[in-house]
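Here's run.cif, which has mmCIF, C-alpha atoms:
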```cif
data_entry
#
loop_
_atom_site.label_atom_id
_atom_site.label_comp_id
_atom_site.auth_asym_id
_atom_site.auth_seq_id
_atom_site.Cartn_x
_atom_site.Cartn_y
_atom_site.Cartn_z
CA MET T 16 72.68 80.85 67.06
CA ASP T 17 70.77 81.96 63.98
CA THR T 18 68.95 85.15 64.96
CA SER T 19 67.35 85.63 61.52
CA ILE T 20 64.68 83.02 62.30
CA LYS T 21 61.02 83.83 62.94
CA VAL T 22 59.99 83.66 66.60
CA LEU T 23 56.48 83.48 68.06
CA ILE T 24 55.97 84.70 71.63
CA VAL T 25 52.75 83.47 73.28
CA ASP T 26 51.64 85.00 76.57
CA ASP T 27 48.35 86.40 77.82
CA PHE T 28 50.23 89.16 79.63
CA ALA T 29 51.42 91.98 77.35
CA THR T 30 54.06 92.73 80.00
CA MET T 31 55.74 89.40 79.57
CA ARG T 32 55.55 89.58 75.78
CA ARG T 33 57.21 93.00 75.96
CA ILE T 34 59.97 91.81 78.31
CA LEU T 35 60.66 88.75 76.16
CA LYS T 36 60.63 90.84 72.98
CA ASN T 37 63.13 93.27 74.53
CA ILE T 38 65.41 90.39 75.47
CA LEU T 39 65.11 88.77 72.02
CA LYS T 40 65.94 92.09 70.36
CA GLN T 41 68.98 92.48 72.63
CA ILE T 42 70.14 89.02 71.54
CA GLY T 43 69.69 90.03 67.89
CA PHE T 44 66.33 88.56 66.84
CA LYS T 45 64.34 90.88 64.60
CA ASN T 46 61.57 88.71 63.23
CA ILE T 47 59.25 88.45 66.23
CA LEU T 48 55.52 87.65 66.23
CA GLU T 49 53.18 87.77 69.21
CA ALA T 50 50.00 85.98 70.27
CA ASP T 51 48.03 86.55 73.46
CA ASP T 52 46.77 83.01 73.91
CA GLY T 53 47.16 79.48 72.60
CA THR T 54 44.28 79.59 70.12
CA THR T 55 45.56 82.81 68.53
CA ALA T 56 49.02 81.21 68.42
CA LEU T 57 47.63 78.26 66.44
CA GLU T 58 46.05 80.66 63.95
CA VAL T 59 49.40 82.46 63.52
CA LEU T 60 51.21 79.13 63.11
CA GLU T 61 48.75 78.09 60.42
CA ARG T 62 49.14 81.33 58.47
CA GLN T 63 52.92 81.66 58.77
CA SER T 64 56.02 79.55 59.14
CA VAL T 65 57.57 79.98 62.55
CA ASP T 66 60.99 78.61 63.54
CA LEU T 67 60.85 79.01 67.34
CA ILE T 68 57.92 79.15 69.77
CA ILE T 69 58.27 80.71 73.22
CA SER T 70 55.12 80.19 75.27
CA ASP T 71 53.77 80.88 78.72
CA TRP T 72 52.25 77.91 80.56
CA ASN T 73 49.34 79.41 82.44
CA MET T 74 46.94 81.04 79.98
CA PRO T 75 43.16 81.15 79.73
CA LYS T 76 41.38 79.39 76.81
CA MET T 77 44.37 77.18 75.95
CA THR T 78 47.33 76.52 78.26
CA GLY T 79 50.92 76.41 77.06
CA LEU T 80 50.88 72.65 77.57
CA GLU T 81 47.81 72.27 75.36
CA LEU T 82 49.44 74.49 72.74
CA LEU T 83 52.60 72.36 72.91
CA LYS T 84 50.57 69.16 72.41
CA SER T 85 48.74 70.68 69.40
CA VAL T 86 52.00 71.86 67.89
CA ARG T 87 53.68 68.50 68.34
CA ALA T 88 50.68 66.76 66.74
CA SER T 89 51.15 68.74 63.52
CA ASP T 90 53.56 67.62 60.81
CA LYS T 91 54.68 71.20 60.19
CA TYR T 92 55.77 71.92 63.77
CA LYS T 93 56.48 68.55 65.36
CA LYS T 94 60.21 69.35 65.56
CA THR T 95 60.08 73.12 65.96
CA PRO T 96 61.99 74.32 69.05
CA PHE T 97 59.51 75.14 71.83
CA LEU T 98 60.61 77.01 74.94
CA MET T 99 58.12 77.05 77.81
CA VAL T 100 58.35 80.10 80.04
CA THR T 101 56.53 79.31 83.21
CA ALA T 102 55.74 80.35 86.73
CA GLU T 103 54.59 76.75 87.19
CA ALA T 104 57.77 75.11 88.39
CA GLN T 105 56.10 72.17 90.10
CA LYS T 106 57.78 68.87 89.30
CA GLN T 107 54.64 67.30 87.84
CA ASN T 108 54.31 70.18 85.37
CA VAL T 109 57.90 69.83 84.22
CA ILE T 110 57.43 66.08 83.71
CA GLU T 111 54.24 66.68 81.68
CA ALA T 112 55.94 69.29 79.49
CA VAL T 113 58.92 67.01 78.83
CA GLN T 114 56.58 64.12 77.97
CA ALA T 115 54.71 66.41 75.56
CA GLY T 116 57.94 67.26 73.76
CA VAL T 117 59.04 70.64 75.13
CA SER T 118 62.56 71.58 73.99
CA ASN T 119 63.40 73.39 77.23
CA TYR T 120 61.79 75.56 79.86
CA VAL T 121 62.57 78.70 81.83
CA VAL T 122 61.07 79.45 85.21
CA LYS T 123 59.84 82.98 85.95
CA PRO T 124 61.34 85.20 87.20
CA PHE T 125 64.23 84.94 84.74
CA THR T 126 67.18 86.99 83.61
CA ALA T 127 68.04 87.88 80.02
CA GLU T 128 71.07 85.60 80.41
CA ALA T 129 68.86 82.64 81.33
CA ILE T 130 66.75 83.12 78.17
CA SER T 131 69.85 83.52 76.02
CA GLU T 132 71.42 80.39 77.49
CA LYS T 133 68.31 78.26 76.89
CA LEU T 134 67.94 79.53 73.31
CA THR T 135 71.58 78.79 72.58
CA LYS T 136 70.99 75.22 73.74
CA ILE T 137 67.81 74.56 71.78
CA LEU T 138 68.84 76.35 68.58
CA LYS T 139 72.29 74.85 68.12
CA MET D 1 47.86 80.18 110.29
CA ASP D 2 50.93 78.06 109.62
CA VAL D 3 53.83 80.58 109.44
CA ARG D 4 55.66 78.27 107.03
CA LEU D 5 53.05 79.34 104.47
CA ILE D 6 54.10 83.00 104.79
CA ASN D 7 57.88 83.04 104.38
CA PRO D 8 57.94 81.72 100.78
CA PHE D 9 55.83 84.70 99.72
CA ILE D 10 58.31 87.12 101.30
CA SER D 11 61.31 85.58 99.59
CA ALA D 12 59.42 85.17 96.29
CA THR D 13 58.43 88.85 96.29
CA ALA D 14 62.01 89.98 96.79
CA ASN D 15 63.30 87.54 94.17
CA VAL D 16 60.74 88.48 91.51
CA LEU D 17 61.25 92.23 91.94
CA GLU D 18 65.02 91.97 92.04
CA THR D 19 65.21 89.69 88.99
CA MET D 20 62.60 91.29 86.74
CA ALA D 21 62.89 94.97 87.75
CA PHE D 22 66.46 95.10 89.02
CA VAL D 23 65.40 96.80 92.26
CA LYS D 24 66.53 95.99 95.79
CA VAL D 25 63.61 95.48 98.13
CA GLN D 26 63.64 95.43 101.91
CA ALA D 27 60.90 93.53 103.75
CA GLY D 28 59.47 95.11 106.90
CA ASN D 29 57.85 93.33 109.83
CA PRO D 30 54.72 91.26 109.15
CA TYR D 31 51.58 92.31 111.02
CA LEU D 32 47.95 91.32 111.33
CA LYS D 33 45.84 93.53 109.06
CA LYS D 34 42.37 94.16 110.43
CA ASN D 35 40.58 95.92 107.60
CA SER D 36 40.08 95.39 103.85
CA THR D 37 41.21 98.80 102.60
CA ALA D 38 44.17 98.63 100.25
CA LEU D 39 47.31 100.44 101.30
CA GLY D 40 48.20 101.13 97.68
CA ASP D 41 46.59 102.46 94.50
CA ILE D 42 46.77 99.25 92.48
CA THR D 43 46.47 95.66 93.69
CA GLY D 44 47.00 92.24 92.16
CA VAL D 45 45.04 89.39 93.79
CA ILE D 46 45.33 85.68 93.16
CA GLY D 47 43.49 82.75 94.69
CA LEU D 48 45.28 79.59 95.77
CA THR D 49 43.88 76.13 96.38
CA GLY D 50 45.59 73.04 97.72
CA VAL D 51 46.61 71.96 101.21
CA ALA D 52 44.79 75.13 102.30
CA ASN D 53 42.68 77.63 100.41
CA GLY D 54 43.83 81.21 100.42
CA THR D 55 44.52 84.46 98.64
CA ILE D 56 47.55 86.63 98.20
CA SER D 57 47.53 90.25 97.15
CA VAL D 58 50.25 92.71 96.21
CA THR D 59 49.34 96.38 96.50
CA PHE D 60 51.56 99.20 95.21
CA GLN D 61 51.55 102.94 95.68
CA SER D 62 51.48 104.72 92.29
CA ALA D 63 55.00 106.11 92.35
CA CYS D 64 56.42 102.76 93.45
CA ILE D 65 54.80 100.69 90.68
CA LEU D 66 55.62 103.30 88.02
CA ASN D 67 59.27 103.09 89.10
CA ILE D 68 59.22 99.27 89.09
CA VAL D 69 57.54 98.89 85.68
CA SER D 70 59.81 101.57 84.17
CA LYS D 71 62.74 99.42 85.20
CA MET D 72 61.12 96.24 83.87
CA PHE D 73 60.47 97.83 80.46
CA GLY D 74 63.59 99.98 80.27
CA GLU D 75 61.48 103.04 79.57
CA LYS D 76 59.77 105.66 81.72
CA MET D 77 56.16 104.92 82.67
CA GLU D 78 54.23 107.97 83.85
CA GLU D 79 50.64 106.97 84.54
CA LEU D 80 48.63 104.06 85.89
CA ASN D 81 47.31 102.71 82.59
CA GLY D 82 46.51 99.34 81.08
CA GLU D 83 50.18 98.46 80.75
CA ILE D 84 50.68 98.95 84.49
CA VAL D 85 47.56 96.91 85.27
CA ASP D 86 48.90 94.09 83.09
CA ALA D 87 52.33 94.31 84.75
CA VAL D 88 50.84 94.09 88.25
CA GLY D 89 48.89 91.00 87.18
CA GLU D 90 52.04 89.37 85.86
CA LEU D 91 54.11 90.31 88.92
CA THR D 92 51.41 88.78 91.14
CA ASN D 93 51.44 85.68 88.99
CA MET D 94 55.21 85.35 89.23
CA ILE D 95 55.27 85.88 93.01
CA SER D 96 52.60 83.22 93.40
CA GLY D 97 54.48 80.79 91.13
CA GLN D 98 57.83 81.30 92.84
CA ALA D 99 56.29 80.95 96.33
CA ARG D 100 54.39 77.81 95.31
CA LYS D 101 57.65 76.29 94.10
CA GLU D 102 59.19 76.86 97.54
CA LEU D 103 56.07 75.55 99.26
CA GLU D 104 56.16 72.40 97.17
CA GLU D 105 59.68 71.77 98.44
CA ILE D 106 58.23 71.48 101.98
CA GLY D 107 55.43 69.23 100.76
CA LYS D 108 52.71 71.86 100.42
CA VAL D 109 51.28 71.83 96.93
CA PHE D 110 49.05 74.65 95.70
CA LYS D 111 47.39 75.56 92.43
CA ALA D 112 46.79 79.17 91.46
CA ALA D 113 43.96 80.91 89.65
CA ILE D 114 44.42 83.66 87.06
CA PRO D 115 45.24 86.94 88.87
CA SER D 116 42.91 89.93 88.91
CA VAL D 117 43.91 93.57 89.34
CA ILE D 118 42.02 96.36 91.15
CA THR D 119 42.86 100.06 90.94
CA GLY D 120 41.79 103.26 92.70
CA LYS D 121 42.38 105.13 95.95
CA ASN D 122 41.22 103.25 99.06
CA HIS D 123 39.88 100.28 97.11
CA THR D 124 38.88 97.12 98.92
CA ILE D 125 40.88 93.91 98.82
CA THR D 126 38.65 90.87 99.22
CA HIS D 127 40.40 87.74 100.38
CA CYS D 128 38.40 84.62 99.66
CA THR D 129 38.86 83.15 103.15
CA SER D 130 37.81 84.13 106.65
CA GLY D 131 41.35 83.50 107.92
CA PRO D 132 43.63 86.22 109.33
CA LYS D 133 45.29 88.59 106.86
CA ILE D 134 49.04 88.85 107.34
CA ALA D 135 50.47 92.01 105.75
CA ILE D 136 54.15 92.41 104.93
CA PRO D 137 55.39 95.86 103.90
CA PHE D 138 58.26 96.16 101.42
CA PHE D 139 60.40 99.21 100.83
CA VAL D 140 61.95 100.10 97.45
CA GLY D 141 64.00 103.30 97.50
CA ASP D 142 61.49 106.01 98.44
CA GLY D 143 58.43 103.91 97.68
CA SER D 144 56.69 100.99 99.29
CA PHE D 145 54.29 98.20 98.57
CA THR D 146 52.56 95.57 100.69
CA ILE D 147 51.71 91.96 100.23
CA GLU D 148 48.85 90.34 102.10
CA VAL D 149 48.56 86.60 102.62
CA SER D 150 45.42 84.98 103.96
CA PHE D 151 44.75 81.27 104.36
CA GLU D 152 41.88 79.41 105.95
CA ARG D 153 42.39 78.79 109.63
#
```
Take the structure in the file and give it back as structure tokens.
Amino acid sequence: MDTSIKVLIVDDFATMRRILKNILKQIGFKNILEADDGTTALEVLERQSVDLIISDWNMPKMTGLELLKSVRASDKYKKTPFLMVTAEAQKQNVIEAVQAGVSNYVVKPFTAEAISEKLTKILK
Amino acid sequence: MDVRLINPFISATANVLETMAFVKVQAGNPYLKKNSTALGDITGVIGLTGVANGTISVTFQSACILNIVSKMFGEKMEELNGEIVDAVGELTNMISGQARKELEEIGKVFKAAIPSVITGKNHTITHCTSGPKIAIPFFVGDGSFTIEVSFER
């Protein structure tokens, strides 16, 4: 897994961004950006080139699913790995995310190993 | 209240705390809570809608939540500040999500609102239903916290 890539973490909770950032740093990622909602994430994605997006599902203003759909509609990011980190494990949600082109998803609560495993799969 | 609505919140609470904060929690006996005064210093509350409308809350004593968040972050937290408020909101969110997953498995589908967090000694927890409030105490080392679950009758 290439840990030199640029990662964007999107979550309205600073706690979750911090936990994910800690885990990513443990894995070896150094180039980590943060956004606290979907609209801010789109602004970051427009300004910079990001190689991996890790997003929460349930956020105000723009949900993770809406962000995923916007990202997949853009030429620049239509194939960029997108990991959804969600407390929304209902089957219908998973189906919707898969249909919208999510690369993989992790259900909260999660371990560092679970995140590492998913990233290994989607970044190979 | 249907007791099958309560158990998923007990197991979800233990699972979330054990997975995210690496702490062992022990659930005490559930009881009917008669008043609205919080048993802790900081409380996360989240509304649920679906097969029944209800609210869950998670209220922590200061020392207990500082210990839990310190373990989540891998660094010592010493005061109830914005970072702790944010962490309580996210813990409440995760407990709700995990419990709703279990509830869906028995055919009871719920949606959750965005959690809110209240702080202060003896603050009031307002559940958005007139149903009974079931409180479940949890013990973590020397500290404790309590979840309350209330659904419409």
For this session: Grab the atom CA of Thr101 of chain T to atom CA of Asp66 of chain T distance for me, in Å with one decimal place.
Result: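 So the two atoms, atom CA of Thr101 of chain T and atom CA of Asp66 of chain T, lie 20.2 Å apart.
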Can you build me a table of chain T residues sitting at most 8 Å from chain D, with the closest atom pair per residue and its distance in Å to one decimal, using all atoms listed in the file, sorted by chain and residue number, as a tab-separated table?
```
residue	atom	partner	partner_atom	distance
T:Phe28	CA	D:Asp86	CA	6.2
T:Ala29	CA	D:Asp86	CA	6.6
T:Thr30	CA	D:Ala87	CA	5.3
T:Met31	CA	D:Glu90	CA	7.3
T:Arg33	CA	D:Phe73	CA	7.4
T:Ile34	CA	D:Phe73	CA	6.4
T:Asn37	CA	D:Phe73	CA	7.9
T:Asn73	CA	D:Ile114	CA	8.0
T:Met74	CA	D:Ile114	CA	8.0
T:Pro75	CA	D:Ile114	CA	7.8
T:Ala102	CA	D:Gly97	CA	4.6
T:Glu103	CA	D:Gly97	CA	5.6
T:Ala104	CA	D:Lys101	CA	5.8
T:Gln105	CA	D:Lys101	CA	5.9
T:Lys123	CA	D:Met94	CA	6.1
T:Pro124	CA	D:Val16	CA	5.4
T:Phe125	CA	D:Thr19	CA	6.4
T:Thr126	CA	D:Thr19	CA	6.3
```
Problem set entry | Near-Thr95 of chain T list (9 Å; all atoms listed in the file; drop same-chain fewer than 6 positions) as a list of chain:residue names |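 Skipping anything fewer than 6 positions along the chain leaves T:Val65, T:Asp66, T:Leu67, T:Ile68, T:Val86, T:Arg87, T:Ser118.
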Would you write out those residues with C-alpha atoms, as a PDB file, keeping the file's coordinate frame?
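Output saved as result-v4.pdb:
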```pdb
ATOM      1  CA  VAL T  65      57.570  79.980  62.550  1.00  0.00           C
ATOM      2  CA  ASP T  66      60.990  78.610  63.540  1.00  0.00           C
ATOM      3  CA  LEU T  67      60.850  79.010  67.340  1.00  0.00           C
ATOM      4  CA  ILE T  68      57.920  79.150  69.770  1.00  0.00           C
ATOM      5  CA  VAL T  86      52.000  71.860  67.890  1.00  0.00           C
ATOM      6  CA  ARG T  87      53.680  68.500  68.340  1.00  0.00           C
ATOM      7  CA  SER T 118      62.560  71.580  73.990  1.00  0.00           C
TER       8      SER T 118
END
```
For this session: Check the smallest atom-to-atom distance from each of D:Pro132, D:Gly47, D:Gly120, D:Gly143 to Asn35 of chain D using all atoms listed in the file, then report the winner.
Result: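 The closest residue to Asn35 of chain D is D:Pro132.
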Exercise. The PyMOL selection byres ((chain T and resi 49) around 6) on the file shown: which residues, as a PyMOL selection string?
Worked result: chain T and resi 23-25+48+50
Problem set entry | Spatial neighbours of Ile46 of chain D, 6 Å, only C-alpha atoms, chain gap at least 3 places, as a list of chain:residue names |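 Within the cut-off, the hits are D:Thr55, D:Ile56, D:Pro115.
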Where is the centre and how long are the edges: axis-aligned box on segment 70-80 of chain D, 5 Å on each side, Å to one decimal, as AutoDock Vina command-line options:
```
--center_x 56.1 --center_y 102.1 --center_z 82.7 --size_x 25.0 --size_y 21.7 --size_z 16.3
```
Exercise. Care to translate the PyMOL selection byres ((chain T and resi 70) around 7) into actual residues of this file, as a list in words?
Worked result: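 Evaluating the PyMOL selection byres ((chain T and resi 70) around 7) on this file yields Ile24, Val25, Asp26, Ile68, Ile69, Asp71, Trp72, Gly79, Leu98, Met99 and Val100 of chain T.
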For the selection just defined, write its residues with C-alpha atoms to a file, as a PDB file, in the frame of the given file.
```
ATOM      1  CA  ILE T  24      55.970  84.700  71.630  1.00  0.00           C
ATOM      2  CA  VAL T  25      52.750  83.470  73.280  1.00  0.00           C
ATOM      3  CA  ASP T  26      51.640  85.000  76.570  1.00  0.00           C
ATOM      4  CA  ILE T  68      57.920  79.150  69.770  1.00  0.00           C
ATOM      5  CA  ILE T  69      58.270  80.710  73.220  1.00  0.00           C
ATOM      6  CA  ASP T  71      53.770  80.880  78.720  1.00  0.00           C
ATOM      7  CA  TRP T  72      52.250  77.910  80.560  1.00  0.00           C
ATOM      8  CA  GLY T  79      50.920  76.410  77.060  1.00  0.00           C
ATOM      9  CA  LEU T  98      60.610  77.010  74.940  1.00  0.00           C
ATOM     10  CA  MET T  99      58.120  77.050  77.810  1.00  0.00           C
ATOM     11  CA  VAL T 100      58.350  80.100  80.040  1.00  0.00           C
TER      12      VAL T 100
END
```
For this session: Translate the PyMOL selection byres ((chain T and resi 133) around 10), as applied to the file shown, into an explicit residue set as a list in words.
Result: Leu98, Ser118, Asn119, Tyr120, Val121, Glu128, Ala129, Ile130, Ser131, Glu132, Leu134, Thr135, Lys136, Ile137 and Leu138 of chain T
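Nearest-residue note for Asn67 of chain D: choosing from D:Glu79, D:Ser150, D:Lys33, D:Leu39, the minimum distance belongs to D:Glu79, counting all atoms listed in the file.
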Problem set entry | Distance of atom CA of Ile10 of chain D from atom CA of Phe151 of chain D, expressed in Å to one decimal place |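 For atom CA of Phe151 of chain D relative to atom CA of Ile10 of chain D, the distance reads 15.1 Å.
Taking all atoms listed in the file into account, Gly131 of chain D lies nearest to D:Ala52 out of the set D:Val23, D:Ile147, D:Ala52, D:Leu80.
Separating atom CA of Ile136 of chain D from atom CA of Val58 of chain D is a distance of 9.6 Å.
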For this session: Identify, on the basis of all atoms listed in the file, every residue whose closest approach to Glu111 of chain T does not exceed 9 Å; exclude the query and any residue fewer than 5 positions from it along the same chain; express the result as a VMD selection string.
Result: chain T and resid 80 106 116
Problem set entry | Minimum-distance residue to Val117 of chain T, chosen among T:Asn46, T:Gln63, T:Thr54, T:Ser85 (using only C-alpha atoms) |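 Of T:Asn46, T:Gln63, T:Thr54, T:Ser85, the one nearest Val117 of chain T, counting only C-alpha atoms, is T:Ser85.
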Exercise. Smallest atom-to-atom distance to Val117 of chain D: which of D:Glu75, D:Asp142, D:Glu152, D:Asp41, using only C-alpha atoms?
Worked result: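 Among D:Glu75, D:Asp142, D:Glu152, D:Asp41, it is D:Asp41 that comes nearest to Val117 of chain D.
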Since the input has fewer atoms than a full residue there, write segment 55-78 of chain T out with N, CA, C and O atoms, as an mmCIF file, in the coordinates of the input.
```cif
data_model
loop_
_atom_site.group_PDB
_atom_site.id
_atom_site.type_symbol
_atom_site.label_atom_id
_atom_site.label_comp_id
_atom_site.auth_asym_id
_atom_site.auth_seq_id
_atom_site.Cartn_x
_atom_site.Cartn_y
_atom_site.Cartn_z
ATOM 1 N N THR T 55 45.043 81.815 69.488
ATOM 2 C CA THR T 55 45.560 82.810 68.530
ATOM 3 C C THR T 55 46.907 82.329 67.986
ATOM 4 O O THR T 55 47.211 82.514 66.798
ATOM 5 N N ALA T 56 47.704 81.722 68.852
ATOM 6 C CA ALA T 56 49.020 81.210 68.420
ATOM 7 C C ALA T 56 48.844 80.176 67.311
ATOM 8 O O ALA T 56 49.564 80.199 66.303
ATOM 9 N N LEU T 57 47.843 79.292 67.468
ATOM 10 C CA LEU T 57 47.630 78.260 66.440
ATOM 11 C C LEU T 57 47.231 78.889 65.105
ATOM 12 O O LEU T 57 47.632 78.413 64.048
ATOM 13 N N GLU T 58 46.446 79.958 65.193
ATOM 14 C CA GLU T 58 46.050 80.660 63.950
ATOM 15 C C GLU T 58 47.296 81.260 63.266
ATOM 16 O O GLU T 58 47.456 81.166 62.055
ATOM 17 N N VAL T 59 48.157 81.873 64.077
ATOM 18 C CA VAL T 59 49.400 82.460 63.520
ATOM 19 C C VAL T 59 50.248 81.355 62.890
ATOM 20 O O VAL T 59 50.767 81.508 61.776
ATOM 21 N N LEU T 60 50.362 80.236 63.599
ATOM 22 C CA LEU T 60 51.210 79.130 63.110
ATOM 23 C C LEU T 60 50.665 78.547 61.808
ATOM 24 O O LEU T 60 51.423 78.044 60.978
ATOM 25 N N GLU T 61 49.350 78.613 61.643
ATOM 26 C CA GLU T 61 48.750 78.090 60.420
ATOM 27 C C GLU T 61 49.032 79.029 59.247
ATOM 28 O O GLU T 61 49.303 78.575 58.134
ATOM 29 N N ARG T 62 48.969 80.328 59.535
ATOM 30 C CA ARG T 62 49.140 81.330 58.470
ATOM 31 C C ARG T 62 50.597 81.502 58.047
ATOM 32 O O ARG T 62 50.900 81.825 56.922
ATOM 33 N N GLN T 63 51.509 81.348 59.021
ATOM 34 C CA GLN T 63 52.920 81.660 58.770
ATOM 35 C C GLN T 63 53.812 80.485 59.151
ATOM 36 O O GLN T 63 53.398 79.610 59.890
ATOM 37 N N SER T 64 55.037 80.557 58.714
ATOM 38 C CA SER T 64 56.020 79.550 59.140
ATOM 39 C C SER T 64 56.860 80.146 60.256
ATOM 40 O O SER T 64 57.480 81.189 60.070
ATOM 41 N N VAL T 65 56.834 79.485 61.395
ATOM 42 C CA VAL T 65 57.570 79.980 62.550
ATOM 43 C C VAL T 65 58.673 78.978 62.892
ATOM 44 O O VAL T 65 58.490 77.769 62.785
ATOM 45 N N ASP T 66 59.832 79.495 63.299
ATOM 46 C CA ASP T 66 60.990 78.610 63.540
ATOM 47 C C ASP T 66 61.247 78.353 65.031
ATOM 48 O O ASP T 66 62.022 77.466 65.391
ATOM 49 N N LEU T 67 60.649 79.171 65.893
ATOM 50 C CA LEU T 67 60.850 79.010 67.340
ATOM 51 C C LEU T 67 59.600 79.523 68.048
ATOM 52 O O LEU T 67 59.102 80.599 67.722
ATOM 53 N N ILE T 68 59.103 78.723 69.003
ATOM 54 C CA ILE T 68 57.920 79.150 69.770
ATOM 55 C C ILE T 68 58.344 79.307 71.232
ATOM 56 O O ILE T 68 58.975 78.409 71.815
ATOM 57 N N ILE T 69 58.012 80.464 71.795
ATOM 58 C CA ILE T 69 58.270 80.710 73.220
ATOM 59 C C ILE T 69 56.907 80.957 73.844
ATOM 60 O O ILE T 69 56.213 81.911 73.471
ATOM 61 N N SER T 70 56.485 80.077 74.751
ATOM 62 C CA SER T 70 55.120 80.190 75.270
ATOM 63 C C SER T 70 55.057 80.155 76.784
ATOM 64 O O SER T 70 55.786 79.412 77.437
ATOM 65 N N ASP T 71 54.138 80.945 77.310
ATOM 66 C CA ASP T 71 53.770 80.880 78.720
ATOM 67 C C ASP T 71 53.014 79.570 78.955
ATOM 68 O O ASP T 71 52.462 78.984 78.026
ATOM 69 N N TRP T 72 52.994 79.126 80.205
ATOM 70 C CA TRP T 72 52.250 77.910 80.560
ATOM 71 C C TRP T 72 50.795 78.250 80.891
ATOM 72 O O TRP T 72 49.869 77.697 80.351
ATOM 73 N N ASN T 73 50.645 79.182 81.830
ATOM 74 C CA ASN T 73 49.340 79.410 82.440
ATOM 75 C C ASN T 73 48.566 80.504 81.701
ATOM 76 O O ASN T 73 48.770 81.683 81.924
ATOM 77 N N MET T 74 47.724 80.071 80.762
ATOM 78 C CA MET T 74 46.940 81.040 79.980
ATOM 79 C C MET T 74 45.494 80.579 79.937
ATOM 80 O O MET T 74 45.228 79.381 79.927
ATOM 81 N N PRO T 75 44.560 81.545 79.875
ATOM 82 C CA PRO T 75 43.160 81.150 79.730
ATOM 83 C C PRO T 75 42.920 80.608 78.305
ATOM 84 O O PRO T 75 43.770 80.789 77.442
ATOM 85 N N LYS T 76 41.794 79.979 78.107
ATOM 86 C CA LYS T 76 41.380 79.390 76.810
ATOM 87 C C LYS T 76 42.199 78.153 76.475
ATOM 88 O O LYS T 76 41.681 77.067 76.357
ATOM 89 N N MET T 77 43.510 78.328 76.290
ATOM 90 C CA MET T 77 44.370 77.180 75.950
ATOM 91 C C MET T 77 45.702 77.364 76.681
ATOM 92 O O MET T 77 46.368 78.380 76.506
ATOM 93 N N THR T 78 46.070 76.392 77.503
ATOM 94 C CA THR T 78 47.330 76.520 78.260
ATOM 95 C C THR T 78 48.526 76.300 77.332
ATOM 96 O O THR T 78 48.375 75.785 76.210
#
```
